[in-house]
file query-v2.pdb (PDB, C-alpha atoms)
ATOM      1  CA  MET V 133     -71.503   9.582  45.098
ATOM      2  CA  ARG V 134     -69.070   7.418  43.106
ATOM      3  CA  LEU V 135     -71.916   6.110  40.978
ATOM      4  CA  SER V 136     -73.109   9.645  40.335
ATOM      5  CA  ILE V 137     -69.661  10.749  39.152
ATOM      6  CA  LEU V 138     -69.382   7.751  36.829
ATOM      7  CA  SER V 139     -72.815   8.515  35.459
ATOM      8  CA  LEU V 140     -71.819  12.117  34.731
ATOM      9  CA  LEU V 141     -68.635  10.978  32.964
ATOM     10  CA  PHE V 142     -70.612   8.530  30.859
ATOM     11  CA  ILE V 143     -73.134  11.189  29.926
ATOM     12  CA  SER V 144     -70.303  13.608  29.013
ATOM     13  CA  LEU V 145     -68.610  11.023  26.785
ATOM     14  CA  LEU V 146     -71.929  10.170  25.175
ATOM     15  CA  ALA V 147     -72.622  13.837  24.516
ATOM     16  CA  ALA V 148     -69.177  14.285  22.996
ATOM     17  CA  SER V 149     -69.677  11.287  20.744
ATOM     18  CA  CYS V 150     -72.898  12.838  19.524
ATOM     19  CA  GLY V 151     -71.401  16.343  19.115
ATOM     20  CA  PRO V 152     -71.141  18.347  15.882
ATOM     21  CA  PHE V 153     -67.690  17.041  14.909
ATOM     22  CA  SER V 154     -68.626  13.421  15.561
ATOM     23  CA  LYS V 155     -71.729  13.781  13.423
ATOM     24  CA  LEU V 156     -69.763  15.512  10.695
ATOM     25  CA  GLU V 157     -67.071  12.840  10.744
ATOM     26  CA  LYS V 158     -69.715  10.183  10.044
ATOM     27  CA  SER V 159     -71.219  12.158   7.171
ATOM     28  CA  THR V 160     -71.052  10.868   3.587
ATOM     29  CA  ASN V 161     -71.865  14.277   2.114
ATOM     30  CA  TRP V 162     -68.553  15.401   0.669
ATOM     31  CA  GLU V 163     -69.632  19.061   0.364
ATOM     32  CA  GLU V 164     -70.522  19.082   4.045
ATOM     33  CA  LEU V 165     -67.191  17.442   4.891
ATOM     34  CA  TYR V 166     -65.326  19.966   2.727
ATOM     35  CA  GLU V 167     -66.983  22.967   4.333
ATOM     36  CA  GLY V 168     -66.502  21.454   7.790
ATOM     37  CA  ALA V 169     -62.791  20.811   7.171
ATOM     38  CA  ASN V 170     -62.281  24.387   5.995
ATOM     39  CA  ASP V 171     -64.244  25.699   8.979
ATOM     40  CA  TYR V 172     -62.140  23.781  11.514
ATOM     41  CA  TYR V 173     -59.011  24.902   9.655
ATOM     42  CA  GLN V 174     -60.044  28.547   9.977
ATOM     43  CA  LYS V 175     -60.746  28.054  13.681
ATOM     44  CA  GLY V 176     -57.260  26.603  14.197
ATOM     45  CA  GLU V 177     -58.572  23.157  15.120
ATOM     46  CA  TYR V 178     -56.085  21.492  12.837
ATOM     47  CA  ASN V 179     -56.326  17.903  14.058
ATOM     48  CA  LYS V 180     -60.068  17.872  13.384
ATOM     49  CA  ALA V 181     -59.486  19.503  10.015
ATOM     50  CA  ILE V 182     -56.956  16.772   9.107
ATOM     51  CA  ILE V 183     -59.493  14.045   9.890
ATOM     52  CA  LEU V 184     -62.114  15.647   7.653
ATOM     53  CA  TYR V 185     -59.653  16.444   4.856
ATOM     54  CA  ASP V 186     -58.554  12.796   4.922
ATOM     55  CA  LYS V 187     -62.120  11.816   4.145
ATOM     56  CA  VAL V 188     -62.909  14.430   1.512
ATOM     57  CA  LEU V 189     -59.640  14.813  -0.435
ATOM     58  CA  PRO V 190     -59.903  11.483  -2.322
ATOM     59  CA  VAL V 191     -63.395  12.491  -3.408
ATOM     60  CA  ILE V 192     -62.576  16.002  -4.670
ATOM     61  CA  ARG V 193     -59.243  15.121  -6.265
ATOM     62  CA  GLY V 194     -58.981  16.876  -9.632
ATOM     63  CA  SER V 195     -61.722  19.389  -8.896
ATOM     64  CA  GLU V 196     -61.348  23.145  -8.370
ATOM     65  CA  LYS V 197     -61.806  22.686  -4.638
ATOM     66  CA  ALA V 198     -58.844  20.309  -4.332
ATOM     67  CA  GLU V 199     -56.149  23.001  -4.632
ATOM     68  CA  LEU V 200     -57.103  24.926  -1.495
ATOM     69  CA  ALA V 201     -57.872  21.738   0.416
ATOM     70  CA  ASP V 202     -54.457  20.266  -0.437
ATOM     71  CA  TYR V 203     -52.681  23.415   0.714
ATOM     72  CA  ASN V 204     -54.680  23.599   3.934
ATOM     73  CA  TYR V 205     -54.041  19.907   4.564
ATOM     74  CA  ALA V 206     -50.273  20.449   4.287
ATOM     75  CA  ASN V 207     -50.465  23.494   6.534
ATOM     76  CA  CYS V 208     -52.489  21.580   9.141
ATOM     77  CA  HIS V 209     -49.563  19.178   9.500
ATOM     78  CA  PHE V 210     -47.162  22.095   9.752
ATOM     79  CA  LYS V 211     -49.252  23.810  12.427
ATOM     80  CA  THR V 212     -49.322  20.588  14.474
ATOM     81  CA  LYS V 213     -45.509  20.314  14.139
ATOM     82  CA  ARG V 214     -45.554  17.207  11.955
ATOM     83  CA  TYR V 215     -42.789  18.758   9.913
ATOM     84  CA  ILE V 216     -41.694  15.783   7.819
ATOM     85  CA  GLU V 217     -45.264  15.044   6.747
ATOM     86  CA  ALA V 218     -45.893  18.745   6.125
ATOM     87  CA  ALA V 219     -42.788  19.032   3.935
ATOM     88  CA  GLY V 220     -43.931  16.086   1.850
ATOM     89  CA  TYR V 221     -47.425  17.518   1.375
ATOM     90  CA  PHE V 222     -46.118  21.001   0.506
ATOM     91  CA  ASN V 223     -43.726  19.478  -1.995
ATOM     92  CA  ASN V 224     -46.530  17.434  -3.556
ATOM     93  CA  PHE V 225     -48.647  20.581  -3.723
ATOM     94  CA  TYR V 226     -45.904  22.450  -5.566
ATOM     95  CA  ARG V 227     -45.417  19.654  -8.075
ATOM     96  CA  THR V 228     -49.157  19.333  -8.652
ATOM     97  CA  TYR V 229     -50.043  23.042  -8.730
ATOM     98  CA  ASN V 230     -46.813  24.722  -9.838
ATOM     99  CA  ARG V 231     -48.782  27.535 -11.517
ATOM    100  CA  SER V 232     -50.905  28.210  -8.456
ATOM    101  CA  PRO V 233     -50.655  31.550  -6.613
ATOM    102  CA  LEU V 234     -49.790  29.379  -3.600
ATOM    103  CA  ALA V 235     -46.964  27.501  -5.365
ATOM    104  CA  GLU V 236     -44.191  29.855  -4.199
ATOM    105  CA  GLU V 237     -45.348  29.732  -0.601
ATOM    106  CA  ALA V 238     -45.729  25.954  -0.747
ATOM    107  CA  LEU V 239     -42.148  25.497  -1.969
ATOM    108  CA  PHE V 240     -40.875  27.800   0.774
ATOM    109  CA  MET V 241     -42.922  25.957   3.414
ATOM    110  CA  ASN V 242     -41.487  22.659   2.187
ATOM    111  CA  ALA V 243     -37.985  24.024   2.852
ATOM    112  CA  TYR V 244     -39.003  25.677   6.123
ATOM    113  CA  ALA V 245     -40.584  22.484   7.488
ATOM    114  CA  LEU V 246     -37.423  20.497   6.692
ATOM    115  CA  TYR V 247     -35.332  23.244   8.299
ATOM    116  CA  LEU V 248     -37.376  23.111  11.513
ATOM    117  CA  ASP V 249     -37.009  19.328  11.594
ATOM    118  CA  SER V 250     -33.219  19.448  11.162
ATOM    119  CA  PRO V 251     -31.294  18.404  14.302
ATOM    120  CA  ASP V 252     -28.533  20.080  16.297
ATOM    121  CA  TYR V 253     -24.997  19.885  14.883
ATOM    122  CA  ASN V 254     -23.999  16.958  17.119
ATOM    123  CA  LEU V 255     -26.598  14.616  15.570
ATOM    124  CA  ASP V 256     -26.814  13.001  12.144
ATOM    125  CA  GLN V 257     -27.221  15.710   9.519
ATOM    126  CA  GLN V 258     -28.956  13.740   6.749
ATOM    127  CA  SER V 259     -32.236  15.621   7.205
ATOM    128  CA  SER V 260     -30.292  18.899   7.310
ATOM    129  CA  GLN V 261     -28.809  18.059   3.911
ATOM    130  CA  GLU V 262     -32.341  17.545   2.598
ATOM    131  CA  ALA V 263     -33.312  20.940   4.032
ATOM    132  CA  VAL V 264     -30.346  22.589   2.290
ATOM    133  CA  ALA V 265     -31.367  21.035  -1.034
ATOM    134  CA  ALA V 266     -34.949  22.266  -0.567
ATOM    135  CA  ILE V 267     -33.835  25.804   0.340
ATOM    136  CA  GLN V 268     -31.502  25.930  -2.656
ATOM    137  CA  GLN V 269     -34.342  24.809  -4.914
ATOM    138  CA  PHE V 270     -36.533  27.604  -3.541
ATOM    139  CA  VAL V 271     -33.978  30.428  -3.921
ATOM    140  CA  ILE V 272     -33.165  29.310  -7.467
ATOM    141  CA  GLN V 273     -36.829  29.026  -8.415
ATOM    142  CA  PHE V 274     -37.937  32.272  -6.757
ATOM    143  CA  PRO V 275     -34.946  34.653  -6.482
ATOM    144  CA  GLY V 276     -37.271  37.656  -6.207
ATOM    145  CA  SER V 277     -39.398  36.209  -3.437
ATOM    146  CA  ALA V 278     -40.176  38.170  -0.277
ATOM    147  CA  SER V 279     -39.007  35.042   1.574
ATOM    148  CA  TYR V 280     -35.611  34.981  -0.195
ATOM    149  CA  GLU V 281     -33.644  36.625   2.634
ATOM    150  CA  ARG V 282     -35.292  34.407   5.206
ATOM    151  CA  ALA V 283     -34.374  31.346   3.154
ATOM    152  CA  MET V 284     -30.745  32.500   2.924
ATOM    153  CA  GLU V 285     -30.628  32.960   6.703
ATOM    154  CA  MET V 286     -31.827  29.378   7.140
ATOM    155  CA  LEU V 287     -29.197  28.205   4.684
ATOM    156  CA  GLU V 288     -26.432  30.028   6.574
ATOM    157  CA  ASP V 289     -27.630  28.527   9.852
ATOM    158  CA  LEU V 290     -27.547  24.999   8.434
ATOM    159  CA  GLU V 291     -24.090  25.563   6.933
ATOM    160  CA  SER V 292     -22.852  26.702  10.351
ATOM    161  CA  ARG V 293     -24.155  23.436  11.836
ATOM    162  CA  PHE V 294     -22.241  21.421   9.241
ATOM    163  CA  GLU V 295     -19.142  23.468  10.022
ATOM    164  CA  GLU V 296     -19.503  22.918  13.763
ATOM    165  CA  LYS V 297     -20.035  19.185  13.296
ATOM    166  CA  ALA V 298     -16.963  18.927  11.048
ATOM    167  CA  TYR V 299     -14.905  20.842  13.615
ATOM    168  CA  GLN V 300     -16.057  18.604  16.462
ATOM    169  CA  GLU V 301     -15.256  15.466  14.456
ATOM    170  CA  ALA V 302     -11.801  16.770  13.553
ATOM    171  CA  THR V 303     -10.959  17.711  17.134
ATOM    172  CA  MET V 304     -12.280  14.375  18.385
ATOM    173  CA  TYR V 305      -9.314  12.689  16.687
ATOM    174  CA  TYR V 306      -7.042  15.291  18.251
ATOM    175  CA  ARG V 307      -8.315  14.409  21.732
ATOM    176  CA  LEU V 308      -7.629  10.730  21.052
ATOM    177  CA  LYS V 309      -4.117  11.199  19.646
ATOM    178  CA  ASP V 310      -2.382  10.189  22.887
ATOM    179  CA  GLY V 311      -4.480   7.042  23.392
ATOM    180  CA  LEU V 312      -3.896   3.411  22.470
ATOM    181  CA  PHE V 313      -3.310   3.998  18.755
ATOM    182  CA  PRO V 314      -1.631   7.420  18.541
ATOM    183  CA  GLY V 315      -0.276   6.925  15.026
ATOM    184  CA  GLU V 316      -3.689   6.204  13.531
ATOM    185  CA  TYR V 317      -5.351   9.144  15.295
ATOM    186  CA  ARG V 318      -2.554  11.552  14.325
ATOM    187  CA  LYS V 319      -2.901  10.430  10.733
ATOM    188  CA  ALA V 320      -6.687  10.977  10.972
ATOM    189  CA  CYS V 321      -6.058  14.457  12.406
ATOM    190  CA  ILE V 322      -3.843  15.418   9.478
ATOM    191  CA  VAL V 323      -6.454  14.289   6.941
ATOM    192  CA  ASN V 324      -9.419  15.868   8.756
ATOM    193  CA  PHE V 325      -7.713  19.195   9.485
ATOM    194  CA  GLN V 326      -6.813  19.565   5.802
ATOM    195  CA  ASN V 327     -10.308  18.573   4.690
ATOM    196  CA  PHE V 328     -11.845  21.090   7.083
ATOM    197  CA  ALA V 329      -9.729  23.954   5.731
ATOM    198  CA  ARG V 330     -10.681  22.990   2.177
ATOM    199  CA  ASP V 331     -14.413  22.685   2.928
ATOM    200  CA  TYR V 332     -14.644  25.788   5.167
ATOM    201  CA  PRO V 333     -11.987  28.247   3.947
ATOM    202  CA  GLU V 334     -13.550  31.171   5.855
ATOM    203  CA  SER V 335     -14.046  29.354   9.153
ATOM    204  CA  LYS V 336     -13.060  30.941  12.459
ATOM    205  CA  TYR V 337     -11.485  27.591  13.412
ATOM    206  CA  ASN V 338      -8.907  27.462  10.618
ATOM    207  CA  GLU V 339      -6.094  29.202  12.490
ATOM    208  CA  GLU V 340      -6.430  26.869  15.482
ATOM    209  CA  LEU V 341      -6.560  23.760  13.293
ATOM    210  CA  ALA V 342      -3.599  24.956  11.188
ATOM    211  CA  TYR V 343      -1.558  25.195  14.393
ATOM    212  CA  LYS V 344      -2.701  21.755  15.524
ATOM    213  CA  LEU V 345      -1.852  20.410  12.062
ATOM    214  CA  VAL V 346       1.774  21.491  12.542
ATOM    215  CA  GLU V 347       1.860  20.037  16.049
ATOM    216  CA  VAL V 348       0.348  16.675  15.119
ATOM    217  CA  SER V 349       2.252  16.254  11.854
ATOM    218  CA  SER V 350       5.560  17.005  13.577
ATOM    219  CA  THR V 351       4.925  14.452  16.312
ATOM    220  CA  TYR V 352       3.635  11.934  13.782
ATOM    221  CA  ALA V 353       6.761  12.348  11.627
ATOM    222  CA  MET V 354       9.188  12.006  14.524
ATOM    223  CA  ASN V 355       7.595   8.729  15.559
ATOM    224  CA  SER V 356       7.477   7.320  12.025
ATOM    225  CA  VAL V 357       9.357   4.326  10.702
ATOM    226  CA  PHE V 358      12.712   5.116   9.119
ATOM    227  CA  ASN V 359      11.681   4.949   5.450
ATOM    228  CA  LYS V 360       8.669   7.288   6.018
ATOM    229  CA  LYS V 361      10.320   9.806   8.321
ATOM    230  CA  GLU V 362      11.935  12.110   5.760
ATOM    231  CA  GLU V 363       8.747  12.493   3.726
ATOM    232  CA  ARG V 364       6.624  13.197   6.812
ATOM    233  CA  LEU V 365       9.088  15.662   8.331
ATOM    234  CA  ASN V 366       9.143  17.614   5.082
ATOM    235  CA  GLU V 367       5.346  17.589   5.052
ATOM    236  CA  SER V 368       5.278  18.982   8.596
ATOM    237  CA  LEU V 369       7.723  21.731   7.623
ATOM    238  CA  ASN V 370       5.486  22.611   4.673
ATOM    239  CA  PHE V 371       2.525  22.904   7.049
ATOM    240  CA  ALA V 372       4.580  25.254   9.222
ATOM    241  CA  SER V 373       5.500  27.410   6.197
ATOM    242  CA  ASP V 374       1.823  27.603   5.227
ATOM    243  CA  PHE V 375       0.952  28.652   8.767
ATOM    244  CA  PHE V 376       3.510  31.500   8.796
ATOM    245  CA  ARG V 377       2.220  32.713   5.444
ATOM    246  CA  LYS V 378      -1.457  32.682   6.438
ATOM    247  CA  TYR V 379      -1.189  33.768  10.088
ATOM    248  CA  PRO V 380       1.907  35.965  10.545
ATOM    249  CA  ASP V 381       0.497  37.563  13.717
ATOM    250  CA  SER V 382      -1.010  34.453  15.276
ATOM    251  CA  LYS V 383      -1.020  33.801  19.004
ATOM    252  CA  TYR V 384       0.264  30.299  18.138
ATOM    253  CA  LEU V 385       3.355  31.645  16.338
ATOM    254  CA  SER V 386       5.928  30.787  19.015
ATOM    255  CA  GLU V 387       4.569  27.242  19.374
ATOM    256  CA  VAL V 388       4.658  26.647  15.645
ATOM    257  CA  LYS V 389       8.271  27.878  15.540
ATOM    258  CA  LYS V 390       9.183  25.347  18.239
ATOM    259  CA  TYR V 391       7.652  22.481  16.248
ATOM    260  CA  GLU V 392       9.354  23.735  13.091
ATOM    261  CA  ALA V 393      12.741  23.855  14.839
ATOM    262  CA  SER V 394      12.261  20.342  16.256
ATOM    263  CA  SER V 395      11.295  18.989  12.831
ATOM    264  CA  LYS V 396      14.301  20.617  11.181
ATOM    265  CA  GLU V 397      16.646  19.210  13.816
ATOM    266  CA  GLU V 398      15.109  15.765  13.457
ATOM    267  CA  LEU V 399      15.359  15.967   9.668
ATOM    268  CA  THR V 400      19.048  16.916   9.852
ATOM    269  CA  SER V 401      19.763  13.965  12.155
ATOM    270  CA  HIS V 402      17.724  11.642   9.972
ATOM    271  CA  LEU V 403      19.524  12.674   6.769
ATOM    272  CA  GLU V 404      22.903  12.210   8.454
ATOM    273  CA  LEU V 405      21.899   8.758   9.621
ATOM    274  CA  LYS V 406      20.541   7.959   6.163
ATOM    275  CA  LYS V 407      23.864   9.022   4.665
ATOM    276  CA  GLN V 408      25.750   6.790   7.088
ATOM    277  CA  TYR V 409      23.514   3.837   6.217
ATOM    278  CA  ALA V 410      24.063   4.471   2.502
ATOM    279  CA  GLU V 411      27.862   4.681   2.956
ATOM    280  CA  ARG V 412      27.895   1.521   5.053
ATOM    281  CA  GLU V 413      25.749  -0.282   2.487
ATOM    282  CA  ALA V 414      28.042   0.869  -0.317
ATOM    283  CA  GLU V 415      31.111  -0.294   1.624
ATOM    284  CA  GLN V 416      29.536  -3.682   2.321
ATOM    285  CA  LYS V 417      28.624  -4.032  -1.335
ATOM    286  CA  LYS V 418      32.168  -3.158  -2.366
ATOM    287  CA  GLN V 419      33.643  -5.702   0.055
ATOM    288  CA  ALA V 420      31.262  -8.367  -1.236
ATOM    289  CA  GLU V 421      32.271  -7.672  -4.837
ATOM    290  CA  GLU V 422      35.968  -7.780  -3.901
ATOM    291  CA  LEU V 423      35.428 -11.110  -2.147
ATOM    292  CA  VAL V 424      33.746 -12.557  -5.215
ATOM    293  CA  GLU V 425      36.537 -11.295  -7.429
ATOM    294  CA  SER V 426      39.144 -12.765  -5.072
ATOM    295  CA  ASN V 427      37.466 -16.179  -5.112
ATOM    296  CA  ARG V 428      37.451 -16.155  -8.900
ATOM    297  CA  ASN V 429      41.185 -15.573  -8.953
TER     298      ASN V 429
END
call {"tool": "encode", "arguments": {"input": "query-v2.pdb", "output": "structure tokens"}}
result
Amino acid sequence: MRLSILSLLFISLLAASCGPFSKLEKSTNWEELYEGANDYYQKGEYNKAIILYDKVLPVIRGSEKAELADYNYANCHFKTKRYIEAAGYFNNFYRTYNRSPLAEEALFMNAYALYLDSPDYNLDQQSSQEAVAAIQQFVIQFPGSASYERAMEMLEDLESRFEEKAYQEATMYYRLKDGLFPGEYRKACIVNFQNFARDYPESKYNEELAYKLVEVSSTYAMNSVFNKKEERLNESLNFASDFFRKYPDSKYLSEVKKYEASSKEELTSHLELKKQYAEREAEQKKQAEELVESNRN
């Protein structure tokens, strides 16, 4: 029985190796290969089509048949979810056949393939940046395209991923602010919160981060060295003033007022102490000058 099963498997493999595709793959007739590749493409057997296109494309390069074959070859990679390869082939098609009726679709498919390959917001966004550049190229090149709105939707989706990633990075420093190096993380918070508001002025996160900016900057200023404290307290008070101006009805209003009051109180104490130091220094300087003058006499 076992021998019979093995014999059947062998016969099946042998039959497959002698099947139509196998015979076609071994052919040296480029017209036969071309027709076979197109036939498998139409049937949706894209992996087989790729194999045959690989064999025939170098032969027909520069001929009238090459244009359709190149487009189909790119689309085969797209259909088999090889998005990076597909994007490259669609882009090459557009550059080679920019006057083709398929040029517009090829440029869109280049952008679409890169978009589908772009990762979630929490991963590296280099490929997403490439997708954005490709989409922007398409909408500039073909502003009247039927795919224009779809391209803009993809662009908005990618921009939202960048926004989410920037928000997560900014709040990461906030979560670390009470750790081993609080001063460094608070400083990083201040920089990142400001950068976020500049880069995403319409973001839903801006009110929350503006509140946290007041909180962190106030705490950072109060724990600063003497010669930096005045400058940083004033900066925190400026952040509070900006918050009141932008979000007069915010749910964070009472908290921001508390931080503002604490910063003002700390600044008053600091300026008084600074005045005392200055008076003491002036008195010491005066005494030193009087001592010098006395020694001269």
call {"tool": "residues_near_point", "arguments": {"input": "query-v2.pdb", "point": "(-58.8, 21.3, 8.2)", "cutoff": "10 Å", "atoms": "only C-alpha atoms", "output": "MDAnalysis selection string"}}
result
chainID V and resid 165:186 201:209
call {"tool": "residues_around", "arguments": {"input": "query-v2.pdb", "residues": "Cys321 (chain V)", "least_positions_apart": "6", "cutoff": "7 Å", "atoms": "all atoms listed in the file", "output": "list in words"}}
result
Ala302, Tyr305 and Tyr306 of chain V
call {"tool": "resolve_selection", "arguments": {"input": "query-v2.pdb", "expression": "the PyMOL selection byres ((chain V and resi 347-349) around 8)", "output": "NGL selection string"}}
result
:V and (318-319 or 321-322 or 343-346 or 350-353 or 364-365 or 367-368 or 388 or 391)
call {"tool": "atom_distance", "arguments": {"input": "query-v2.pdb", "atom1": "CA of Glu217 (chain V)", "atom2": "CA of Gln258 (chain V)"}}
result
16.4 Å
call {"tool": "residues_around", "arguments": {"input": "query-v2.pdb", "residues": "region 224-236 of chain V", "least_positions_apart": "2", "cutoff": "10 Å", "atoms": "all atoms listed in the file", "output": "PDB file with C-alpha atoms, keeping the file's coordinate frame"}}
result
ATOM      1  CA  GLU V 199     -56.149  23.001  -4.632  1.00  0.00           C
ATOM      2  CA  LEU V 200     -57.103  24.926  -1.495  1.00  0.00           C
ATOM      3  CA  ASP V 202     -54.457  20.266  -0.437  1.00  0.00           C
ATOM      4  CA  TYR V 203     -52.681  23.415   0.714  1.00  0.00           C
ATOM      5  CA  TYR V 205     -54.041  19.907   4.564  1.00  0.00           C
ATOM      6  CA  ALA V 206     -50.273  20.449   4.287  1.00  0.00           C
ATOM      7  CA  ALA V 218     -45.893  18.745   6.125  1.00  0.00           C
ATOM      8  CA  ALA V 219     -42.788  19.032   3.935  1.00  0.00           C
ATOM      9  CA  GLY V 220     -43.931  16.086   1.850  1.00  0.00           C
ATOM     10  CA  TYR V 221     -47.425  17.518   1.375  1.00  0.00           C
ATOM     11  CA  PHE V 222     -46.118  21.001   0.506  1.00  0.00           C
ATOM     12  CA  ALA V 238     -45.729  25.954  -0.747  1.00  0.00           C
ATOM     13  CA  LEU V 239     -42.148  25.497  -1.969  1.00  0.00           C
ATOM     14  CA  PHE V 240     -40.875  27.800   0.774  1.00  0.00           C
ATOM     15  CA  MET V 241     -42.922  25.957   3.414  1.00  0.00           C
ATOM     16  CA  ASN V 242     -41.487  22.659   2.187  1.00  0.00           C
ATOM     17  CA  PHE V 270     -36.533  27.604  -3.541  1.00  0.00           C
ATOM     18  CA  GLN V 273     -36.829  29.026  -8.415  1.00  0.00           C
ATOM     19  CA  PHE V 274     -37.937  32.272  -6.757  1.00  0.00           C
ATOM     20  CA  SER V 277     -39.398  36.209  -3.437  1.00  0.00           C
ATOM     21  CA  SER V 279     -39.007  35.042   1.574  1.00  0.00           C
TER      22      SER V 279
END
call {"tool": "residues_around", "arguments": {"input": "query-v2.pdb", "residues": "Glu295 (chain V)", "least_positions_apart": "6", "cutoff": "12 Å", "atoms": "all atoms listed in the file", "output": "PyMOL selection string"}}
result
chain V and resi 252-254+257+288-289+301-302+327-338
call {"tool": "closest_residue", "arguments": {"input": "query-v2.pdb", "among": "V:Thr303, V:Ser401, V:Lys187, V:Tyr247", "to": "Arg282 (chain V)", "atoms": "all atoms listed in the file"}}
result
V:Tyr247
call {"tool": "closest_residue", "arguments": {"input": "query-v2.pdb", "among": "V:Arg214, V:Gly276, V:Ala342, V:Phe153", "to": "Val323 (chain V)", "atoms": "only C-alpha atoms"}}
result
V:Ala342
call {"tool": "resolve_selection", "arguments": {"input": "query-v2.pdb", "expression": "the PyMOL selection byres ((chain V and resi 287) around 12)", "output": "JSON, numbers by chain"}}
result
{"V": [243, 244, 246, 247, 248, 250, 260, 261, 262, 263, 264, 265, 266, 267, 268, 269, 270, 271, 280, 281, 282, 283, 284, 285, 286, 288, 289, 290, 291, 292, 293, 294]}
call {"tool": "closest_residue", "arguments": {"input": "query-v2.pdb", "among": "V:Asn366, V:Gln300, V:Asn223, V:Ser373", "to": "Lys389 (chain V)", "atoms": "all atoms listed in the file"}}
result
V:Ser373
